[in-house]
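J.: This is start_18.txt (compact mmCIF, C-alpha atoms).
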# COMPACT_ATOMS: atom_id res chain seq x y z
CA MET A 14 71.07 -13.31 7.12
CA LYS A 15 67.65 -12.41 5.75
CA ARG A 16 67.04 -9.55 3.33
CA LEU A 17 63.87 -8.11 1.77
CA LEU A 18 63.06 -7.03 -1.77
CA ILE A 19 60.12 -4.58 -1.87
CA LEU A 20 58.37 -3.60 -5.10
CA GLU A 21 56.54 -0.36 -5.78
CA ASP A 22 53.20 -2.20 -5.93
CA GLY A 23 53.65 -3.50 -2.36
CA THR A 24 54.90 -6.98 -3.23
CA VAL A 25 57.56 -8.28 -0.82
CA PHE A 26 60.07 -11.07 -1.44
CA GLU A 27 62.18 -12.47 1.41
CA GLY A 28 65.57 -13.93 0.63
CA GLU A 29 69.12 -14.48 1.83
CA ALA A 30 71.62 -11.65 1.89
CA PHE A 31 74.91 -11.69 0.03
CA GLY A 32 77.16 -8.98 -1.29
CA ALA A 33 77.37 -5.62 0.47
CA GLU A 34 75.28 -4.55 3.43
CA ALA A 35 73.34 -1.60 2.05
CA ASN A 36 69.77 -0.43 1.65
CA VAL A 37 69.16 0.69 -1.94
CA PHE A 38 66.41 2.04 -4.20
CA GLY A 39 66.25 1.70 -7.97
CA GLU A 40 64.34 0.53 -11.02
CA ILE A 41 64.05 -3.27 -11.05
CA VAL A 42 64.60 -5.01 -14.38
CA PHE A 43 65.33 -8.55 -15.53
CA THR A 44 67.87 -10.09 -17.88
CA THR A 45 67.48 -13.45 -19.60
CA SER A 46 71.23 -13.98 -19.98
CA MET A 47 72.45 -17.47 -19.10
CA THR A 48 76.10 -16.41 -18.84
CA GLY A 49 78.07 -13.19 -18.61
CA TYR A 50 76.90 -11.96 -15.21
CA GLN A 51 80.17 -10.06 -14.65
CA GLU A 52 79.78 -8.15 -17.90
CA THR A 53 76.13 -7.52 -17.10
CA ILE A 54 76.75 -6.16 -13.60
CA THR A 55 79.58 -3.91 -14.81
CA ASP A 56 77.62 -2.59 -17.82
CA GLN A 57 76.93 1.10 -17.11
CA SER A 58 73.65 0.85 -19.00
CA PHE A 59 72.35 -0.71 -15.76
CA ASN A 60 73.09 2.50 -13.85
CA GLY A 61 70.58 2.92 -11.00
CA GLN A 62 68.88 -0.42 -11.65
CA ILE A 63 68.36 -3.57 -9.60
CA ILE A 64 69.18 -6.51 -11.89
CA THR A 65 67.14 -9.71 -11.71
CA PHE A 66 68.82 -12.73 -13.29
CA THR A 67 66.36 -15.27 -14.68
CA TYR A 68 69.02 -17.99 -14.92
CA PRO A 69 68.67 -20.08 -11.73
CA MET A 70 72.32 -20.11 -10.58
CA VAL A 71 74.65 -17.12 -10.82
CA GLY A 72 78.29 -16.84 -9.75
CA ASN A 73 79.50 -20.37 -10.42
CA TYR A 74 82.60 -19.31 -12.39
CA GLY A 75 83.50 -16.33 -10.20
CA VAL A 76 84.85 -12.97 -11.30
CA ASN A 77 88.02 -12.44 -13.36
CA ARG A 78 90.18 -9.61 -14.64
CA ASP A 79 89.15 -9.93 -18.32
CA ASP A 80 85.36 -9.54 -18.26
CA TYR A 81 84.87 -6.07 -16.81
CA GLU A 82 82.79 -3.66 -18.90
CA SER A 83 83.62 -0.86 -16.45
CA ILE A 84 85.83 -0.60 -13.39
CA SER A 85 83.20 0.89 -11.07
CA PRO A 86 79.73 -0.56 -11.72
CA THR A 87 76.76 1.62 -10.81
CA CYS A 88 73.87 -0.84 -10.73
CA LYS A 89 72.00 -0.72 -7.42
CA GLY A 90 71.56 -4.39 -6.60
CA VAL A 91 71.50 -8.00 -7.78
CA VAL A 92 68.61 -10.48 -7.43
CA VAL A 93 69.13 -14.23 -8.03
CA LYS A 94 67.45 -17.55 -7.37
CA GLU A 95 70.70 -19.08 -6.13
CA HIS A 96 74.20 -17.65 -5.89
CA ALA A 97 77.20 -19.95 -5.97
CA ARG A 98 79.23 -19.63 -2.79
CA LEU A 99 82.15 -21.46 -4.43
CA ALA A 100 83.50 -20.54 -7.86
CA SER A 101 85.32 -22.91 -10.19
CA ASN A 102 87.12 -21.57 -13.25
CA TRP A 103 90.76 -21.29 -14.28
CA ARG A 104 90.37 -17.49 -14.59
CA ASN A 105 88.54 -17.04 -11.29
CA GLN A 106 89.99 -14.38 -8.98
CA MET A 107 87.15 -13.89 -6.48
CA THR A 108 83.60 -14.98 -5.82
CA LEU A 109 80.59 -12.95 -6.86
CA ASP A 110 79.83 -12.34 -3.19
CA GLU A 111 83.30 -10.89 -2.59
CA PHE A 112 83.09 -8.78 -5.76
CA LEU A 113 79.75 -7.24 -4.77
CA LYS A 114 81.10 -6.49 -1.29
CA ARG A 115 84.09 -4.67 -2.82
CA LYS A 116 81.80 -2.63 -5.10
CA ASN A 117 79.25 -1.91 -2.32
CA ILE A 118 76.40 -3.60 -4.21
CA PRO A 119 73.87 -5.64 -2.19
CA GLY A 120 72.56 -8.97 -3.44
CA ILE A 121 69.56 -11.06 -2.48
CA ALA A 122 69.27 -14.80 -3.18
CA GLY A 123 66.55 -17.37 -2.67
CA ILE A 124 64.02 -15.27 -4.59
CA ASP A 125 61.40 -16.82 -6.86
CA THR A 126 62.83 -15.02 -9.87
CA ARG A 127 60.32 -16.75 -12.16
CA ALA A 128 57.39 -15.15 -10.30
CA LEU A 129 59.23 -11.81 -10.12
CA THR A 130 59.96 -11.81 -13.86
CA LYS A 131 56.35 -12.67 -14.72
CA LYS A 132 55.20 -9.73 -12.60
CA LEU A 133 57.60 -7.37 -14.40
CA ARG A 134 56.49 -8.69 -17.79
CA ASN A 135 52.83 -8.13 -16.90
CA HIS A 136 53.12 -4.79 -15.12
CA GLY A 137 56.37 -3.39 -16.50
CA THR A 138 59.50 -2.28 -14.72
CA MET A 139 58.93 -0.44 -11.45
CA LYS A 140 60.72 1.04 -8.50
CA ALA A 141 62.06 -1.39 -5.90
CA SER A 142 64.26 -1.46 -2.83
CA ILE A 143 66.50 -3.99 -1.10
CA ILE A 144 66.46 -3.58 2.69
CA GLU A 145 67.44 -5.39 5.87
CA PRO A 146 64.48 -7.12 7.60
CA GLY A 147 65.05 -5.16 10.83
CA ASP A 148 63.86 -1.97 9.14
CA LYS A 149 60.22 -1.03 9.52
CA PHE A 150 58.37 -2.09 6.40
CA GLU A 151 55.91 0.81 6.43
CA HIS A 152 58.70 3.37 6.59
CA ALA A 153 60.73 1.61 3.88
CA PHE A 154 57.67 1.34 1.62
CA ASP A 155 56.82 5.03 2.10
CA GLN A 156 60.41 5.91 1.23
CA LEU A 157 60.23 3.77 -1.90
CA LYS A 158 57.00 5.38 -3.10
CA ALA A 159 58.44 8.85 -2.46
CA THR A 160 61.73 8.12 -4.24
CA VAL A 161 62.23 10.00 -7.51
CA LEU A 162 64.59 8.13 -9.79
CA PRO A 163 67.37 10.31 -11.25
CA THR A 164 67.38 11.44 -14.87
CA ASN A 165 71.08 12.33 -15.11
CA GLN A 166 72.39 8.78 -15.46
CA VAL A 167 74.60 9.57 -18.45
CA ALA A 168 76.29 12.40 -16.56
CA GLN A 169 76.94 9.95 -13.70
CA VAL A 170 78.73 7.37 -15.83
CA SER A 171 80.38 9.30 -18.67
CA THR A 172 84.02 10.27 -18.38
CA SER A 173 84.48 13.84 -17.15
CA THR A 174 87.71 14.43 -19.09
CA PRO A 175 88.90 13.23 -22.52
CA TYR A 176 91.48 10.43 -22.66
CA PRO A 177 93.28 8.55 -25.43
CA SER A 178 93.57 4.87 -26.26
CA PRO A 179 96.46 5.09 -28.73
CA GLY A 180 96.54 3.13 -31.95
CA ILE A 181 98.22 3.34 -35.34
CA GLY A 182 95.23 3.27 -37.66
CA ARG A 183 92.01 5.20 -38.24
CA ASN A 184 91.37 8.15 -35.95
CA VAL A 185 88.07 7.56 -34.11
CA VAL A 186 86.39 9.83 -31.57
CA VAL A 187 84.33 7.84 -29.07
CA ILE A 188 81.54 9.75 -27.32
CA ASP A 189 81.14 8.13 -23.91
CA PHE A 190 77.51 7.87 -22.79
CA GLY A 191 78.41 4.97 -20.49
CA LEU A 192 80.59 2.91 -22.78
CA LYS A 193 81.42 -0.77 -22.47
CA HIS A 194 85.10 -1.69 -22.55
CA SER A 195 84.29 -4.23 -25.24
CA ILE A 196 83.50 -1.42 -27.70
CA LEU A 197 86.98 0.01 -27.17
CA ARG A 198 88.39 -3.51 -27.45
CA GLU A 199 86.81 -4.11 -30.88
CA LEU A 200 88.00 -0.75 -32.18
CA SER A 201 91.51 -1.38 -30.81
CA ARG A 202 91.60 -4.80 -32.49
CA ARG A 203 91.20 -2.91 -35.75
CA GLU A 204 94.17 -0.70 -34.75
CA CYS A 205 92.07 2.45 -34.40
CA ASN A 206 93.53 5.46 -32.64
CA LEU A 207 90.86 6.34 -30.09
CA THR A 208 90.01 9.54 -28.26
CA VAL A 209 87.26 9.09 -25.69
CA MET A 210 85.24 12.25 -25.05
CA PRO A 211 82.59 13.24 -22.46
CA TYR A 212 78.90 12.96 -23.37
CA ASP A 213 78.43 16.74 -23.55
CA THR A 214 81.32 17.46 -25.95
CA ASP A 215 80.27 20.00 -28.57
CA ALA A 216 80.44 19.40 -32.31
CA GLN A 217 83.27 21.82 -33.04
CA THR A 218 85.55 20.20 -30.45
CA ILE A 219 84.95 16.84 -32.11
CA LEU A 220 85.55 18.15 -35.63
CA ASP A 221 88.73 19.93 -34.50
CA LEU A 222 90.21 16.49 -33.78
CA GLN A 223 89.77 15.67 -37.49
CA PRO A 224 88.38 12.19 -36.86
CA ASP A 225 87.90 9.58 -39.55
CA GLY A 226 84.75 8.53 -37.71
CA VAL A 227 82.69 9.04 -34.55
CA MET A 228 81.37 6.26 -32.33
CA LEU A 229 78.24 6.95 -30.24
CA THR A 230 78.29 4.43 -27.40
CA ASN A 231 75.72 2.72 -25.25
CA GLY A 232 74.54 4.25 -21.98
CA PRO A 233 71.73 4.34 -19.43
CA GLY A 234 68.40 6.12 -19.20
CA ASP A 235 66.11 8.11 -21.46
CA PRO A 236 67.83 9.51 -24.59
CA LYS A 237 65.70 12.64 -24.34
CA ASP A 238 67.56 13.49 -21.12
CA VAL A 239 70.71 14.15 -23.22
CA PRO A 240 69.60 17.02 -25.49
CA GLU A 241 73.14 18.35 -25.93
CA ALA A 242 74.16 15.09 -27.61
CA ILE A 243 71.21 15.24 -29.99
CA GLU A 244 72.27 18.70 -31.16
CA MET A 245 75.90 17.61 -31.47
CA ILE A 246 74.90 14.70 -33.75
CA ARG A 247 72.91 17.04 -36.00
CA GLN A 248 75.97 19.21 -36.46
CA ILE A 249 78.53 16.48 -37.21
CA GLN A 250 76.49 14.16 -39.46
CA GLY A 251 77.39 14.64 -43.08
CA LYS A 252 80.86 15.83 -42.06
CA VAL A 253 82.18 12.58 -40.56
CA PRO A 254 81.04 8.93 -40.59
CA ILE A 255 78.97 7.92 -37.52
CA PHE A 256 78.28 4.56 -35.87
CA GLY A 257 75.80 4.45 -32.97
CA ILE A 258 75.17 1.60 -30.54
CA CYS A 259 72.18 1.25 -28.15
CA LEU A 260 71.69 4.70 -26.55
CA GLY A 261 73.79 6.08 -29.40
CA HIS A 262 71.25 4.54 -31.80
CA GLN A 263 68.36 6.26 -30.03
CA LEU A 264 70.16 9.62 -29.98
CA PHE A 265 70.97 9.28 -33.70
CA ALA A 266 67.26 8.67 -34.40
CA LEU A 267 66.20 11.68 -32.30
CA ALA A 268 68.74 13.86 -34.10
CA ASN A 269 67.00 12.98 -37.36
CA GLY A 270 63.46 13.77 -36.30
CA ALA A 271 62.30 10.37 -35.02
CA ASP A 272 60.82 9.83 -31.55
CA THR A 273 61.55 7.31 -28.79
CA TYR A 274 59.37 5.67 -26.15
CA LYS A 275 59.80 3.76 -22.90
CA MET A 276 59.19 0.03 -23.29
CA ARG A 277 57.14 -1.99 -20.81
CA PHE A 278 60.06 -4.11 -19.64
CA GLY A 279 62.75 -3.60 -22.26
CA HIS A 280 65.16 -6.01 -23.93
CA ARG A 281 67.88 -7.39 -21.67
CA GLY A 282 69.58 -10.63 -22.60
CA LEU A 283 71.74 -12.49 -25.10
CA ASN A 284 69.14 -14.30 -27.18
CA HIS A 285 67.28 -11.58 -29.09
CA PRO A 286 66.82 -12.47 -32.79
CA VAL A 287 67.23 -9.54 -35.17
CA ARG A 288 66.40 -9.66 -38.89
CA GLU A 289 68.31 -7.65 -41.47
CA VAL A 290 65.57 -6.18 -43.66
CA ALA A 291 67.51 -6.23 -46.94
CA THR A 292 68.61 -9.87 -46.80
CA GLY A 293 66.32 -11.57 -44.28
CA LYS A 294 69.41 -12.79 -42.40
CA ILE A 295 68.84 -13.44 -38.68
CA ASP A 296 71.44 -12.48 -36.08
CA PHE A 297 71.16 -13.44 -32.44
CA THR A 298 72.14 -10.42 -30.39
CA SER A 299 73.02 -9.10 -26.96
CA GLN A 300 70.69 -6.30 -25.83
CA ASN A 301 70.21 -4.04 -22.83
CA HIS A 302 67.77 -1.17 -23.25
CA GLY A 303 64.49 0.13 -21.85
CA PHE A 304 63.75 2.67 -24.62
CA ALA A 305 63.21 2.16 -28.34
CA VAL A 306 62.69 4.15 -31.55
CA ASN A 307 59.07 4.62 -32.62
CA PRO A 308 58.88 3.32 -36.21
CA LYS A 309 55.86 5.51 -37.02
CA THR A 310 57.96 8.65 -36.48
CA ILE A 311 60.85 7.71 -38.78
CA ASP A 312 61.06 9.97 -41.84
CA PRO A 313 61.63 7.59 -44.80
CA GLU A 314 63.17 10.48 -46.74
CA LYS A 315 65.96 10.66 -44.14
CA LEU A 316 66.33 7.25 -42.53
CA LEU A 317 66.17 3.67 -43.74
CA VAL A 318 65.21 0.93 -41.25
CA THR A 319 67.85 -1.77 -41.66
CA HIS A 320 67.09 -4.19 -38.80
CA VAL A 321 64.02 -5.24 -36.80
CA GLU A 322 63.53 -7.46 -33.75
CA VAL A 323 61.88 -10.74 -34.77
CA ASN A 324 59.77 -11.15 -31.60
CA ASP A 325 58.13 -7.73 -31.32
CA GLY A 326 59.10 -5.77 -34.43
CA THR A 327 61.18 -3.21 -32.55
CA VAL A 328 63.42 -1.03 -34.73
CA GLU A 329 66.91 -2.45 -34.27
CA GLY A 330 68.90 -0.58 -36.90
CA ILE A 331 68.74 2.53 -39.07
CA ARG A 332 70.92 4.13 -41.74
CA HIS A 333 70.93 7.70 -43.03
CA ARG A 334 69.96 7.94 -46.68
CA ASP A 335 72.25 10.88 -47.48
CA TYR A 336 75.13 10.70 -44.99
CA PRO A 337 77.62 7.96 -44.01
CA ALA A 338 75.94 7.18 -40.69
CA PHE A 339 74.19 4.15 -39.21
CA SER A 340 73.23 2.72 -35.83
CA VAL A 341 71.94 -0.43 -34.16
CA GLN A 342 69.96 -0.96 -30.98
CA TYR A 343 71.80 -4.14 -30.01
CA HIS A 344 75.41 -4.73 -28.90
CA PRO A 345 77.60 -6.00 -31.78
CA ASP A 346 80.61 -6.05 -29.43
CA ALA A 347 79.33 -9.41 -28.12
CA ALA A 348 80.17 -8.93 -24.44
CA PRO A 349 78.48 -10.86 -23.16
CA GLY A 350 76.80 -12.91 -25.82
CA PRO A 351 76.80 -13.94 -29.48
CA HIS A 352 79.23 -12.67 -32.10
CA ASP A 353 76.72 -12.48 -34.96
CA GLY A 354 76.85 -8.68 -35.18
CA ILE A 355 80.61 -8.21 -34.94
CA HIS A 356 80.82 -7.49 -38.68
CA LEU A 357 79.27 -4.05 -38.08
CA PHE A 358 82.62 -2.82 -36.75
CA ASP A 359 84.19 -3.85 -40.06
CA GLU A 360 81.44 -1.99 -41.93
CA PHE A 361 82.31 1.09 -39.87
CA MET A 362 85.96 0.69 -40.92
CA GLU A 363 84.93 0.47 -44.58
CA MET A 364 82.72 3.53 -44.22
CA MET A 365 85.62 5.55 -42.78
CA ASP A 366 87.98 4.38 -45.52
CA ALA A 367 85.46 5.37 -48.19
CA GLY A 368 85.12 8.78 -46.58
CA LYS A 369 88.88 9.32 -46.67
CA GLU A 370 89.08 8.31 -50.34
CA GLN A 371 86.33 10.81 -51.23
CA ALA A 372 88.10 13.52 -49.28
Is it possible to express this structure as structure tokens?

T.:
Amino acid sequence: MKRLLILEDGTVFEGEAFGAEANVFGEIVFTTSMTGYQETITDQSFNGQIITFTYPMVGNYGVNRDDYESISPTCKGVVVKEHARLASNWRNQMTLDEFLKRKNIPGIAGIDTRALTKKLRNHGTMKASIIEPGDKFEHAFDQLKATVLPTNQVAQVSTSTPYPSPGIGRNVVVIDFGLKHSILRELSRRECNLTVMPYDTDAQTILDLQPDGVMLTNGPGDPKDVPEAIEMIRQIQGKVPIFGICLGHQLFALANGADTYKMRFGHRGLNHPVREVATGKIDFTSQNHGFAVNPKTIDPEKLLVTHVEVNDGTVEGIRHRDYPAFSVQYHPDAAPGPHDGIHLFDEFMEMMDAGKEQA
């Protein structure tokens, strides 16, 4: 069955339908990941977005129980050059087509994803829709142009009530802006006792839990749309160690007077080289973000830039000069992708231990 992909600039791609039967609107983005499509699709940082995979074949190893980053993904659609109708892997439980049907996410295959990606690189991300070919194009295009993309993505994906992930070690409060399960997994591997809290939890509620540290997770959208989190960070820093990842990194920067901006097409993939400023060491990293910290707005009296992206100089890590708090733009949890940054979780453990010794 045919299916159409319409871009905000009027470009139309015709392809083959797979996944759910649904007409959707969203922001279209691309990821350069060669593997890890299940983790990518279930990453809540893709909330409201149509994901274009640049790798030519997607779905060849199916979907399994271990690689979920969330139970209910909220991306709008999936665009591929070719999707594998048969899956071969010892962990495979269902095909990608079946998975997308279960999650009510439409897919479109047979697209020239190379041409689509070049367009997004040149013109930036834009609104797009996936529709059935029987619909009138003019009406669908008018609907697309009139669509206003939501700004409450974090509220859509964050937990509404606190919940524990019991452990026997350090007491860590995790602020859920759209967390990936792999963050919880890395903290649990270090025997942390976790309490996951909603994005709008106030500072006093967090401090009342007497945490050894606070994790600010990844999440979707513009960090400036979460002002309550920015104020919360201002009130807890200096009182408890903080580690921020992705959106958490941007919020930490905003809380300390820096500014953020929307990138042309963002960083989404597993092959982004990041240089540690102090040592010159290069880590290859997993990234998924459309906003970044403006380096010109960073107050050097407050924040130290610790990491930069090799390709474009984007700020990839900062550390507070006075408080035990740091953040990175990339995903050290390595799901999907390289494990180069996994040591940052150990640094967070050491920071919490040092805080307890001082106390």

J.: Work out how far atom CA of A:Gln57 is from atom CA of A:Glu27, in Å to one decimal.

T.: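 Separation between atom CA of A:Glu27 and atom CA of A:Gln57: 27.3 Å.
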
J.: Between A:Asn307, A:Thr45, A:Ser173, A:Thr298, which is the closest to A:Gly326 once you count all atoms listed in the file?

T.: A:Asn307

J.: For A:Gln166, please output as a PDB file with C-alpha atoms, keeping the file's coordinate frame all residues within 8 Å (counting all atoms listed in the file; exclusion window: fewer than 6 positions along the same chain).

T.:
ATOM      1  CA  ASN A  60      73.090   2.500 -13.850  1.00  0.00           C
ATOM      2  CA  GLY A  61      70.580   2.920 -11.000  1.00  0.00           C
ATOM      3  CA  PRO A 233      71.730   4.340 -19.430  1.00  0.00           C
ATOM      4  CA  GLY A 234      68.400   6.120 -19.200  1.00  0.00           C
TER       5      GLY A 234
END

J.: Which residues come within 10 Å of A:His333, counting all atoms listed in the file, excluding same-chain residues fewer than 6 positions away, as a PyMOL selection string?

T.: chain A and resi 250-251+255+265-266+269+313-318+339-340

J.: Have a look at A:Ile143, A:Val253, A:Cys88, A:Ala271 and name the one nearest to A:Tyr336; count all atoms listed in the file.

T.: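 Answer, going by the shortest atom-to-atom distance: A:Val253.
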
J.: Can you list every residue of stretch 145-258 of chain A that has an atom at most 10 Å from stretch 353-360 of chain A, with its nearest atom pair and the distance in Å to one decimal, using only C-alpha atoms, ordered by chain then number, as CSV?

T.:
residue,atom,partner,partner_atom,distance
A:Ile196,CA,A:Phe358,CA,9.2
A:Glu199,CA,A:Phe358,CA,7.3
A:Leu200,CA,A:Phe358,CA,7.4
A:Arg203,CA,A:Asp359,CA,8.3
A:Phe256,CA,A:Phe358,CA,8.6

J.: Which of these residues is nearest to A:Gly303, using all atoms listed in the file: A:His96, A:Arg288, A:Lys275, A:Lys140?

T.: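 That would be A:Lys275, the residue with the smallest distance to A:Gly303.
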
J.: How close does each residue of stretch 106-151 of chain A get to stretch 52-56 of chain A, giving the shortest atom pair and distance in Å to one decimal for every residue with an atom at most 12 Å away, counting all atoms listed in the file, sorted by chain and residue number, as a tab-separated table?

T.:
residue	atom	partner	partner_atom	distance
A:Leu109	CA	A:Ile54	CA	10.3
A:Phe112	CA	A:Ile54	CA	10.4
A:Leu113	CA	A:Ile54	CA	9.4
A:Lys116	CA	A:Thr55	CA	10.0
A:Ile118	CA	A:Ile54	CA	9.7
A:Pro119	CA	A:Ile54	CA	11.8
A:Gly120	CA	A:Ile54	CA	11.3

J.: Using Å and a single decimal, report how far atom CA of A:Pro211 sits from atom CA of A:Glu40.

T.: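 These atoms are spaced 25.0 Å apart.
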
J.: From the list A:Val323, A:Met362, A:Ala122, A:Ile311, which residue is nearest A:Phe297 when using all atoms listed in the file?

T.: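 Among the listed residues, A:Val323 lies closest to A:Phe297.
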
J.: Please indicate the distance in Å from atom CA of A:Glu95 to atom CA of A:Val42, rounded to one decimal place.

T.: 17.4 Å

J.: I'd like to know which of A:Tyr343, A:Phe150, A:Phe31, A:Phe304 is closest to A:Leu283, using all atoms listed in the file.

T.: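 Closest to A:Leu283, using all atoms listed in the file: A:Tyr343.
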
J.: Using only C-alpha atoms, which residues sit within 12 Å of A:Gln217 once same-chain residues fewer than 2 positions away are excluded, as number ranges by chain?

T.: A: 213-215, 219-224, 244-249, 252-253

J.: Since the input is missing atoms, can you rebuild N, CA and C atoms for stretch 139-158 of chain A and write them as an mmCIF file, in the frame of the given file?

T.:
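The resulting rebuild_1.cif:
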data_model
loop_
_atom_site.group_PDB
_atom_site.id
_atom_site.type_symbol
_atom_site.label_atom_id
_atom_site.label_comp_id
_atom_site.auth_asym_id
_atom_site.auth_seq_id
_atom_site.Cartn_x
_atom_site.Cartn_y
_atom_site.Cartn_z
ATOM 1 N N MET A 139 59.435 -1.322 -12.501
ATOM 2 C CA MET A 139 58.930 -0.440 -11.450
ATOM 3 C C MET A 139 60.032 -0.171 -10.446
ATOM 4 N N LYS A 140 59.765 0.759 -9.554
ATOM 5 C CA LYS A 140 60.720 1.040 -8.500
ATOM 6 C C LYS A 140 60.757 -0.119 -7.518
ATOM 7 N N ALA A 141 61.912 -0.323 -6.889
ATOM 8 C CA ALA A 141 62.060 -1.390 -5.900
ATOM 9 C C ALA A 141 63.162 -1.000 -4.928
ATOM 10 N N SER A 142 63.206 -1.696 -3.807
ATOM 11 C CA SER A 142 64.260 -1.460 -2.830
ATOM 12 C C SER A 142 64.692 -2.778 -2.217
ATOM 13 N N ILE A 143 65.941 -2.857 -1.843
ATOM 14 C CA ILE A 143 66.500 -3.990 -1.100
ATOM 15 C C ILE A 143 66.839 -3.464 0.290
ATOM 16 N N ILE A 144 66.270 -4.077 1.336
ATOM 17 C CA ILE A 144 66.460 -3.580 2.690
ATOM 18 C C ILE A 144 66.733 -4.742 3.639
ATOM 19 N N GLU A 145 67.258 -4.407 4.810
ATOM 20 C CA GLU A 145 67.440 -5.390 5.870
ATOM 21 C C GLU A 145 66.093 -5.618 6.569
ATOM 22 N N PRO A 146 65.800 -6.831 7.013
ATOM 23 C CA PRO A 146 64.480 -7.120 7.600
ATOM 24 C C PRO A 146 64.214 -6.395 8.907
ATOM 25 N N GLY A 147 65.260 -5.883 9.579
ATOM 26 C CA GLY A 147 65.050 -5.160 10.830
ATOM 27 C C GLY A 147 64.402 -3.804 10.630
ATOM 28 N N ASP A 148 64.455 -3.270 9.416
ATOM 29 C CA ASP A 148 63.860 -1.970 9.140
ATOM 30 C C ASP A 148 62.340 -2.074 9.130
ATOM 31 N N LYS A 149 61.680 -1.031 9.529
ATOM 32 C CA LYS A 149 60.220 -1.030 9.520
ATOM 33 C C LYS A 149 59.716 -1.002 8.083
ATOM 34 N N PHE A 150 58.844 -1.967 7.766
ATOM 35 C CA PHE A 150 58.370 -2.090 6.400
ATOM 36 C C PHE A 150 57.604 -0.847 5.959
ATOM 37 N N GLU A 151 56.735 -0.335 6.812
ATOM 38 C CA GLU A 151 55.910 0.810 6.430
ATOM 39 C C GLU A 151 56.776 2.001 6.059
ATOM 40 N N HIS A 152 57.809 2.247 6.869
ATOM 41 C CA HIS A 152 58.700 3.370 6.590
ATOM 42 C C HIS A 152 59.466 3.150 5.287
ATOM 43 N N ALA A 153 59.966 1.912 5.091
ATOM 44 C CA ALA A 153 60.730 1.610 3.880
ATOM 45 C C ALA A 153 59.838 1.727 2.643
ATOM 46 N N PHE A 154 58.586 1.276 2.752
ATOM 47 C CA PHE A 154 57.670 1.340 1.620
ATOM 48 C C PHE A 154 57.305 2.789 1.289
ATOM 49 N N ASP A 155 57.102 3.613 2.330
ATOM 50 C CA ASP A 155 56.820 5.030 2.100
ATOM 51 C C ASP A 155 58.007 5.715 1.427
ATOM 52 N N GLN A 156 59.217 5.351 1.859
ATOM 53 C CA GLN A 156 60.410 5.910 1.230
ATOM 54 C C GLN A 156 60.499 5.518 -0.242
ATOM 55 N N LEU A 157 60.180 4.254 -0.526
ATOM 56 C CA LEU A 157 60.230 3.770 -1.900
ATOM 57 C C LEU A 157 59.248 4.529 -2.784
ATOM 58 N N LYS A 158 58.008 4.681 -2.307
ATOM 59 C CA LYS A 158 57.000 5.380 -3.100
ATOM 60 C C LYS A 158 57.387 6.844 -3.331
#
